[in-house]
Amino acid sequence: DVNLDDWQMDETKIEEKDHIVLFNFSRRLIPLLNELCKAYENEQNEQQTLVVVSNEEPLITMEKIKNVIEIPKNITILARKGYAWQRSLLDKINLEKAKQIIILKPDISDLYKTEMDCDVEVGKSVSFIIGSNEYNKSPCKILCEFHNEKTGFSHLMFSMDIWGKKISKLSDDLIPDFISSDELKSDILSQCTTTPDLSEIYDNLFGYEGSEIYFVDPSKTKFKDVLNKNIGKNIKDLNRLCDNIIVIGFYLNDQSKRKTYNKIFLNTPINFPLTKNFGIICIAKNEDQIIKELNELESHEKEVKDIDPNLKQDDQDLNISLLDFSKEKNKEYLTKIVRKLVNSNYYNNLKKIDIYHNEKVDELNNINFSKKINSSEENELINLGIIFHMINTDHKHYYKFQVYKVNQNSPLYSKIKPADEILNVIKKEDLKKNLDEKEYCFYTKWAGGTEKKLKSKLNDILSENDEIIIILKKYDTGKIEFLKISKAEVLDCKTKIFKEFDKIESKKKSFQEDIKINPIQKNLDKFSENITNIENQYEYKEEFKQSNCFILLNETNQQIQKFRENPTEDHAMINNFVGFSKIGDQHSEDKQSLITEINGYRTKKILEDFKYKYFSPFVGNDVVEINSIISKYIAAATFDIKNTDLINLLFKRVHTLKSHTLLDKSLSTSFCELEKYFQNKNEVLIGIIDYDFSSSRRKIKNISINPEQIKQINLDEGDRLITIANFNDLEMVKQSRYLHIL
């Protein structure tokens with residue numbers, strides 16, 4: 001038991017160092033502390049201090065925390081009263097010695113009346129801290145939560161004069177980062193429509209029980225040797241040989257004082273090898289397991305049987321009924337969610353969205369989705385179909401470009417392989433052989449837009465010459481080669497690639513034009529009261545029988561009571577959850593799924609308990625509670641800031657978590673065999689959802705993320721396999737800040 005008297009709650013200066021400071025006692029704090037406690041509990045040899053700064057008295061803060069969280073012995077929690085922008089406070093919390101700062105968005109209250117108020121509080125706090133003497137002496141990582149993504153970006157860029165100089169001298173890990181709660185919620189809701197039960201997968205992936213995501217960093221001594229031993233292996237090789245970890249991609253921290261950030265490559269092309277200075281992104285139980293596994297791969301050589309399971313993607317026509325129980329006056333969140341539902345739609349299969357609201361929301365009739373993926377200016381600079389990223393050389397102002405993937409329509413498809421390096425493109429008459437590598441590399445005095453400069457140079461040469469020469473350094477031999485390409489070959493390639501990209505554009509445009517948005521006025525308070533009444537169930541079944549996905553939305557800016565023993569703010573949503581579970585049609589050919597948004601993390605625990613204990617007619621039953629979701633993601637980013645980049649990648653149109661439903665009556669296999677099956681389709685298997693069934697109803701029996709991979713698995717019809725897949729090359733280049741197409 002922890003004695004309150006032993007905890008420091010007075011106003012003296014904190015003497016600890018390497019502590020984490022959390023500002024603002026919001027709805028996110030308790031779930032976040034809970035996640036951090038779980039995470040650090042696994043690090044028994046490491047003592048960690050967490051300092052909570054809020055506008056409440058320290059004693060009250062500590063009592064509230066102690067009442068709901070069991071604190072591990074290796075964690076100390078301290079409390080102080082104040083605000084981040086108070087000069088005296090920064091010294092009191094020993095900011096100079098802190099290793100990380102987390103600024104949570106405060107709740108809407110009498111003090112902060114709008115989301116903008118809350119965001120500005122976070123913004124002024126981060127700007128004040130970055131401008132302080134304490135930060136200047138010893139800068140640390142800063143992670144903030146904003147409601148609005150654009151506001152967050154503006155406030156962080158405002159203070160770039162100071163942190164920009166710090167990262168150029170010290171490390172790019174010091175770039176302040178932020179999570180947008182509004183974006184995150186819309187992203188989760190929309191992805192759940194195409195991948196039922198996805199919220200459970202994310203909870204497992206970013207929580208601290210079982211397996212989680214690790215970045216195997218080549219700059220850390222403990223990982224350097226095992227990474228070097230496996231250079232040259234691709235993602236398929238690694239996953240075939242690994243029995244206890246799942247490799248989901250590679251990443252590069254291109255160390256340079258000029259231009260640097262982590263480049264994360266998920267679900268890499270099968271023939272893209274692990275190269276020097278790259279790290280591995282994997283799912284594992286702990287770091288020791290990763291080191292042991294990667295050390296012993298040579299002895300793991302094994303034959304994995306080919307299997308051909310009968311699987312179905314969740315790609316049938318999607319008709320959504322969105323019931324918005326929110327009472328907010330500003331309906332902007334609704335148009336935003338509708339846009340996200342469209343943008344996240346992986347299969348282009350969304351046909352209709354019926355939006356029920358207490359009032360008719362007319363602005364929903366005027367949403368324009370048409371947005372081209374590629375501009376005509378960008379198209380002009382596409383010639384060879386080579387997807388690449390820029391890497392720094394050891395010489396100032398000199399750069400080269402690593403090949404990530406080569407389009408099959410490219411005349412260079414058989415001549416250039418992933419991981420080869422393009423040093424430059426030149427005219428035939430400028431070719432000089434036997435120079436140093438540096439002399440061949442692309443030279444530019446200003447690093448900004450280097451990739452576009454390379455593309456423009458290629459375009460300019462082609463406009464006046466019938467031939468170009470690509471200076472290439474081969475990955476496998478390390479030799480420099482000079483590839484001649486004729487203008488005719490380039491024009492032929494360009495025509496084929498544009499045809500492929502136009503097809504993607506046209507399919508997306510056609511899909512967007514055909515979506516029907518129907519705002520419907522309905523008394524939802526009365527609906528909530530009546531949905532559990534047996535006499536109404538036939539009527540409700542008829543009303544919703546055309547829909548195969550229900551979203552129960554409960555956007556609220558009201559301050560939720562955090563510490564009542566029995567929180568009641570989500571009772572209407574619990575009633576709707578139960579009611580829809582009674583009217584859901586398990587016999588329908590078009591299987592339905594349910595997404596319920598709630599506002600209390602205690603309610604989430606209750607509804608998840610129901611999901612594991614009671615049979616439901618729904619093929620997916622997602623409970624979305626933004627406080628616990630954000631707390632998981634902030635906790636993941638606290639351990640490794642690269643997790644924020646990874647989360648952003650998973651939510652853009654670059655990658656998607658894809659669901660495959662088993663149609664075979666039963667399947668006896670292993671994770672290794674399933675992994676191989678999906679790898680051949682350029683997807684990475686990460687988990688299995690095993691259900692119990694009763695008369696077409698289901699409940700979750702078990703979710704396995706990274707199970708024992710050689711052990712026999714027995715699956716039944718309806719069980720699901722979850723993979724990481726890619727949208728397409730055009731989307732990947734458009735949405736990624738470091739991939740470009742030449």
# chains A, B, ... in the order shown; residues from 1 in each chain; ligands from 1
$ residues_around --residues "A:Asn518" --least-positions-apart "3" --cutoff "7 Å" --atoms "only C-alpha atoms" --output "JSON, numbers by chain"
{"A": [353, 354, 355]}
$ closest_atom_pairs --of "stretch 628-682 of chain A" --to "stretch 733-741 of chain A" --cutoff "7 Å" --atoms "only C-alpha atoms" --output "tab-separated table"
residue	atom	partner	partner_atom	distance
A:Lys652	CA	A:Gln735	CA	6.7
A:Arg653	CA	A:Gln735	CA	6.4
A:Val654	CA	A:Gln735	CA	6.2
$ write_last_selection --atoms "N, CA, C and O atoms" --output "PDB file, in the first residue's frame"
ATOM      1  N   LYS A 652      -3.407   7.468 -42.397  1.00  0.00           N
ATOM      2  CA  LYS A 652      -3.495   8.152 -43.686  1.00  0.00           C
ATOM      3  C   LYS A 652      -3.794   7.124 -44.771  1.00  0.00           C
ATOM      4  O   LYS A 652      -3.782   5.929 -44.517  1.00  0.00           O
ATOM      5  N   ARG A 653      -3.975   7.615 -45.998  1.00  0.00           N
ATOM      6  CA  ARG A 653      -4.228   6.693 -47.110  1.00  0.00           C
ATOM      7  C   ARG A 653      -2.905   6.126 -47.616  1.00  0.00           C
ATOM      8  O   ARG A 653      -2.574   6.187 -48.796  1.00  0.00           O
ATOM      9  N   VAL A 654      -2.099   5.601 -46.704  1.00  0.00           N
ATOM     10  CA  VAL A 654      -0.836   4.959 -47.071  1.00  0.00           C
ATOM     11  C   VAL A 654      -0.988   3.466 -46.796  1.00  0.00           C
ATOM     12  O   VAL A 654      -0.763   2.623 -47.646  1.00  0.00           O
TER      13      VAL A 654
END
$ select_by_dssp --residues "stretch 349-423 of chain A" --states "alpha helix (DSSP H)" --output "PyMOL selection string"
chain A and resi 376-380
$ write_last_selection --atoms "C-alpha atoms" --output "compact mmCIF listing (two decimals), in the first residue's frame"
# COMPACT_ATOMS: atom_id res chain seq x y z
CA SER A 376 -0.83 17.98 -63.30
CA GLU A 377 2.43 19.67 -62.25
CA GLU A 378 3.45 16.56 -60.31
CA ASN A 379 2.48 14.35 -63.25
CA GLU A 380 4.81 16.29 -65.55
$ closest_atom_pairs --of "stretch 151-182 of chain A" --to "stretch 107-127 of chain A" --cutoff "9 Å" --atoms "only C-alpha atoms" --output "tab-separated table"
residue	atom	partner	partner_atom	distance
A:Thr151	CA	A:Asp119	CA	7.1
A:Gly152	CA	A:Gly123	CA	7.0
A:Ser154	CA	A:Gly123	CA	8.7
A:His155	CA	A:Gly123	CA	5.3
A:Leu156	CA	A:Ser127	CA	7.4
A:Phe158	CA	A:Ser127	CA	7.6
A:Ser159	CA	A:Ser127	CA	5.8
A:Pro176	CA	A:Val126	CA	8.8
$ write_last_selection --atoms "N, CA, C and O atoms" --output "mmCIF file, in the first residue's frame"
data_model
loop_
_atom_site.group_PDB
_atom_site.id
_atom_site.type_symbol
_atom_site.label_atom_id
_atom_site.label_comp_id
_atom_site.auth_asym_id
_atom_site.auth_seq_id
_atom_site.Cartn_x
_atom_site.Cartn_y
_atom_site.Cartn_z
ATOM 1 N N THR A 151 -4.461 23.916 -35.504
ATOM 2 C CA THR A 151 -4.060 24.786 -34.380
ATOM 3 C C THR A 151 -2.772 24.256 -33.757
ATOM 4 O O THR A 151 -1.842 25.019 -33.469
ATOM 5 N N GLY A 152 -2.713 22.940 -33.548
ATOM 6 C CA GLY A 152 -1.518 22.323 -32.958
ATOM 7 C C GLY A 152 -0.290 22.586 -33.800
ATOM 8 O O GLY A 152 0.766 22.985 -33.288
ATOM 9 N N SER A 154 0.221 25.005 -35.960
ATOM 10 C CA SER A 154 0.569 26.439 -35.931
ATOM 11 C C SER A 154 1.333 26.802 -34.663
ATOM 12 O O SER A 154 2.342 27.508 -34.704
ATOM 13 N N HIS A 155 0.841 26.318 -33.514
ATOM 14 C CA HIS A 155 1.482 26.679 -32.245
ATOM 15 C C HIS A 155 2.885 26.078 -32.131
ATOM 16 O O HIS A 155 3.795 26.708 -31.587
ATOM 17 N N LEU A 156 3.081 24.871 -32.653
ATOM 18 C CA LEU A 156 4.416 24.277 -32.580
ATOM 19 C C LEU A 156 5.377 24.968 -33.541
ATOM 20 O O LEU A 156 6.546 25.186 -33.217
ATOM 21 N N PHE A 158 5.218 28.026 -34.419
ATOM 22 C CA PHE A 158 5.460 29.369 -33.884
ATOM 23 C C PHE A 158 6.768 29.420 -33.086
ATOM 24 O O PHE A 158 7.493 30.409 -33.108
ATOM 25 N N SER A 159 7.065 28.325 -32.369
ATOM 26 C CA SER A 159 8.261 28.323 -31.513
ATOM 27 C C SER A 159 9.465 27.660 -32.184
ATOM 28 O O SER A 159 10.452 27.346 -31.540
ATOM 29 N N PRO A 176 9.198 18.982 -31.087
ATOM 30 C CA PRO A 176 7.946 18.800 -30.332
ATOM 31 C C PRO A 176 6.914 18.091 -31.214
ATOM 32 O O PRO A 176 6.832 18.350 -32.412
#
$ atom_distance --atom1 "atom CA of A:Gln537" --atom2 "atom CA of A:Ile583"
5.8 Å
$ atom_distance --atom1 "atom CA of A:Ile75" --atom2 "atom CA of A:Ile101"
16.8 Å
$ select_by_dssp --residues "stretch 15-186 of chain A" --states "strand (DSSP E)" --output "ChimeraX atom specification"
/A:20-23,48-54,75-81,100-103,141-146,177-180
$ atom_distance --atom1 "atom CA of A:Phe550" --atom2 "atom CA of A:Leu594"
4.9 Å
$ residues_around --residues "stretch 399-410 of chain A" --least-positions-apart "4" --cutoff "10 Å" --atoms "only C-alpha atoms" --output "mmCIF file with C-alpha atoms, in the first residue's frame"
data_model
loop_
_atom_site.group_PDB
_atom_site.id
_atom_site.type_symbol
_atom_site.label_atom_id
_atom_site.label_comp_id
_atom_site.auth_asym_id
_atom_site.auth_seq_id
_atom_site.Cartn_x
_atom_site.Cartn_y
_atom_site.Cartn_z
ATOM 1 C CA PHE A 265 8.441 2.153 -44.083
ATOM 2 C CA THR A 268 7.814 -2.815 -47.358
ATOM 3 C CA PRO A 269 7.994 -4.345 -50.867
ATOM 4 C CA ILE A 270 8.978 -8.020 -50.621
ATOM 5 C CA ASN A 271 12.290 -7.377 -52.418
ATOM 6 C CA PHE A 272 13.312 -4.332 -50.334
ATOM 7 C CA PRO A 273 16.199 -5.544 -48.109
ATOM 8 C CA ASN A 383 8.994 9.800 -66.020
ATOM 9 C CA LEU A 384 10.513 6.505 -64.881
ATOM 10 C CA GLY A 385 8.136 5.036 -62.277
ATOM 11 C CA ILE A 386 10.815 4.806 -59.575
ATOM 12 C CA ILE A 387 9.670 5.429 -55.993
ATOM 13 C CA PHE A 388 12.583 6.726 -53.917
ATOM 14 C CA HIS A 389 13.622 8.689 -50.846
ATOM 15 C CA MET A 390 16.539 11.053 -50.323
ATOM 16 C CA ILE A 391 19.488 10.067 -48.129
ATOM 17 C CA ASN A 392 22.379 12.193 -46.947
ATOM 18 C CA THR A 393 26.006 11.554 -47.838
ATOM 19 C CA ASP A 394 29.058 12.211 -45.680
ATOM 20 C CA HIS A 395 29.693 15.412 -47.644
ATOM 21 C CA SER A 414 14.769 -5.446 -64.390
ATOM 22 C CA LYS A 415 17.834 -3.173 -64.120
ATOM 23 C CA ILE A 416 17.188 -1.303 -60.861
ATOM 24 C CA LYS A 417 16.276 -3.058 -57.612
ATOM 25 C CA PRO A 418 14.976 -1.721 -54.282
ATOM 26 C CA ALA A 419 17.857 -0.420 -52.082
ATOM 27 C CA ASP A 420 19.982 0.538 -55.124
ATOM 28 C CA GLU A 421 21.046 4.188 -54.937
ATOM 29 C CA ILE A 422 20.526 6.737 -57.692
ATOM 30 C CA LEU A 423 23.441 9.161 -57.385
ATOM 31 C CA ASN A 424 22.392 11.484 -60.217
ATOM 32 C CA LYS A 438 31.080 12.018 -54.067
ATOM 33 C CA TYR A 440 28.770 11.691 -58.959
ATOM 34 C CA CYS A 441 26.286 12.582 -56.189
ATOM 35 C CA PHE A 442 23.570 15.195 -56.635
ATOM 36 C CA TYR A 443 24.808 18.623 -55.500
ATOM 37 C CA THR A 444 22.584 21.381 -54.134
ATOM 38 C CA ALA A 447 18.549 20.811 -49.100
ATOM 39 C CA THR A 450 16.004 18.270 -53.262
ATOM 40 C CA GLU A 451 13.764 15.471 -54.539
ATOM 41 C CA LEU A 454 16.211 15.869 -59.154
ATOM 42 C CA LEU A 472 23.446 4.091 -60.089
ATOM 43 C CA LYS A 473 25.222 2.471 -57.153
ATOM 44 C CA TYR A 475 23.164 -2.380 -53.462
ATOM 45 C CA GLU A 489 11.472 4.462 -73.657
ATOM 46 C CA VAL A 490 10.694 7.192 -71.130
ATOM 47 C CA ASP A 492 6.305 4.880 -73.390
ATOM 48 C CA CYS A 493 6.792 4.314 -69.642
ATOM 49 C CA LYS A 494 5.141 7.647 -68.819
ATOM 50 C CA THR A 495 2.056 6.766 -70.905
ATOM 51 C CA LYS A 496 1.636 3.395 -69.154
ATOM 52 C CA ILE A 497 2.114 4.835 -65.652
ATOM 53 C CA GLU A 500 -2.468 3.161 -64.302
ATOM 54 C CA ASP A 729 1.649 3.459 -55.037
ATOM 55 C CA LEU A 739 8.601 9.002 -50.572
ATOM 56 C CA HIS A 740 8.677 10.518 -54.077
ATOM 57 C CA ILE A 741 8.267 9.197 -57.612
ATOM 58 C CA LEU A 742 10.789 9.922 -60.351
#
$ residues_around --residues "stretch 501-517 of chain A" --least-positions-apart "5" --cutoff "6 Å" --atoms "only C-alpha atoms" --output "list of chain:residue names"
A:Asn348, A:Lys351, A:Lys352, A:Ile353
$ residues_around --residues "A:Phe223" --least-positions-apart "4" --cutoff "9 Å" --atoms "only C-alpha atoms" --output "VMD selection string"
chain A and resid 216 to 219 227 to 228 279 290 to 291
$ write_last_selection --atoms "N, CA, C and O atoms" --output "PDB file, in the first residue's frame"
ATOM      1  N   VAL A 216      13.659  -1.328 -33.353  1.00  0.00           N
ATOM      2  CA  VAL A 216      14.977  -1.919 -33.089  1.00  0.00           C
ATOM      3  C   VAL A 216      16.009  -0.974 -33.687  1.00  0.00           C
ATOM      4  O   VAL A 216      16.230  -0.943 -34.901  1.00  0.00           O
ATOM      5  N   ASP A 217      16.632  -0.170 -32.829  1.00  0.00           N
ATOM      6  CA  ASP A 217      17.401   1.006 -33.229  1.00  0.00           C
ATOM      7  C   ASP A 217      18.875   0.669 -33.451  1.00  0.00           C
ATOM      8  O   ASP A 217      19.558   0.232 -32.525  1.00  0.00           O
ATOM      9  N   PRO A 218      19.414   0.892 -34.669  1.00  0.00           N
ATOM     10  CA  PRO A 218      20.824   0.574 -34.937  1.00  0.00           C
ATOM     11  C   PRO A 218      21.806   1.447 -34.162  1.00  0.00           C
ATOM     12  O   PRO A 218      22.977   1.097 -34.027  1.00  0.00           O
ATOM     13  N   SER A 219      21.318   2.593 -33.627  1.00  0.00           N
ATOM     14  CA  SER A 219      22.229   3.454 -32.866  1.00  0.00           C
ATOM     15  C   SER A 219      22.402   2.966 -31.428  1.00  0.00           C
ATOM     16  O   SER A 219      23.244   3.467 -30.691  1.00  0.00           O
ATOM     17  N   LEU A 227      21.327  -6.413 -35.889  1.00  0.00           N
ATOM     18  CA  LEU A 227      20.862  -5.809 -37.142  1.00  0.00           C
ATOM     19  C   LEU A 227      21.884  -6.042 -38.245  1.00  0.00           C
ATOM     20  O   LEU A 227      21.522  -6.411 -39.375  1.00  0.00           O
ATOM     21  N   ASN A 228      23.165  -5.836 -37.925  1.00  0.00           N
ATOM     22  CA  ASN A 228      24.217  -6.056 -38.930  1.00  0.00           C
ATOM     23  C   ASN A 228      24.217  -7.491 -39.443  1.00  0.00           C
ATOM     24  O   ASN A 228      24.471  -7.747 -40.613  1.00  0.00           O
ATOM     25  N   GLY A 279      16.758   0.461 -39.125  1.00  0.00           N
ATOM     26  CA  GLY A 279      16.286  -0.326 -37.992  1.00  0.00           C
ATOM     27  C   GLY A 279      15.078  -1.149 -38.415  1.00  0.00           C
ATOM     28  O   GLY A 279      14.546  -0.972 -39.512  1.00  0.00           O
ATOM     29  N   ILE A 290      13.512 -10.034 -28.846  1.00  0.00           N
ATOM     30  CA  ILE A 290      13.938  -9.539 -30.166  1.00  0.00           C
ATOM     31  C   ILE A 290      15.403  -9.893 -30.411  1.00  0.00           C
ATOM     32  O   ILE A 290      15.768 -10.424 -31.468  1.00  0.00           O
ATOM     33  N   ILE A 291      16.258  -9.595 -29.431  1.00  0.00           N
ATOM     34  CA  ILE A 291      17.703  -9.845 -29.586  1.00  0.00           C
ATOM     35  C   ILE A 291      17.966 -11.337 -29.776  1.00  0.00           C
ATOM     36  O   ILE A 291      18.718 -11.751 -30.670  1.00  0.00           O
TER      37      ILE A 291
END
$ residues_around --residues "A:Glu183" --least-positions-apart "3" --cutoff "8 Å" --atoms "only C-alpha atoms" --output "list in words"
His147, Asn148, Glu149, Ser180, Ser186 and Asp187 of chain A
$ residues_around --residues "A:Lys613" --least-positions-apart "5" --cutoff "12 Å" --atoms "only C-alpha atoms" --output "PyMOL selection string"
chain A and resi 606-608+691-693+698-702
$ closest_residue --among "A:Leu174, A:Ile534, A:Ile551, A:Leu318" --to "A:Lys591" --atoms "only C-alpha atoms"
A:Leu318
$ closest_atom_pairs --of "stretch 154-249 of chain A" --to "stretch 644-649 of chain A" --cutoff "8 Å" --atoms "only C-alpha atoms" --output "CSV"
residue,atom,partner,partner_atom,distance
A:Asp177,CA,A:Thr644,CA,7.8
A:Phe178,CA,A:Thr644,CA,7.9
A:Ile179,CA,A:Thr644,CA,7.5
$ write_last_selection --atoms "C-alpha atoms" --output "short mmCIF file (atom, residue, chain, number, x, y, z; two decimals), in the first residue's frame"
data_model
loop_
_atom_site.label_atom_id
_atom_site.label_comp_id
_atom_site.auth_asym_id
_atom_site.auth_seq_id
_atom_site.Cartn_x
_atom_site.Cartn_y
_atom_site.Cartn_z
CA ASP A 177 5.17 16.44 -31.40
CA PHE A 178 1.42 16.45 -30.95
CA ILE A 179 -1.64 14.25 -31.21
#
$ closest_residue --among "A:Thr596, A:Asn349, A:Asn548, A:Ser181" --to "A:Phe146" --atoms "only C-alpha atoms"
A:Ser181
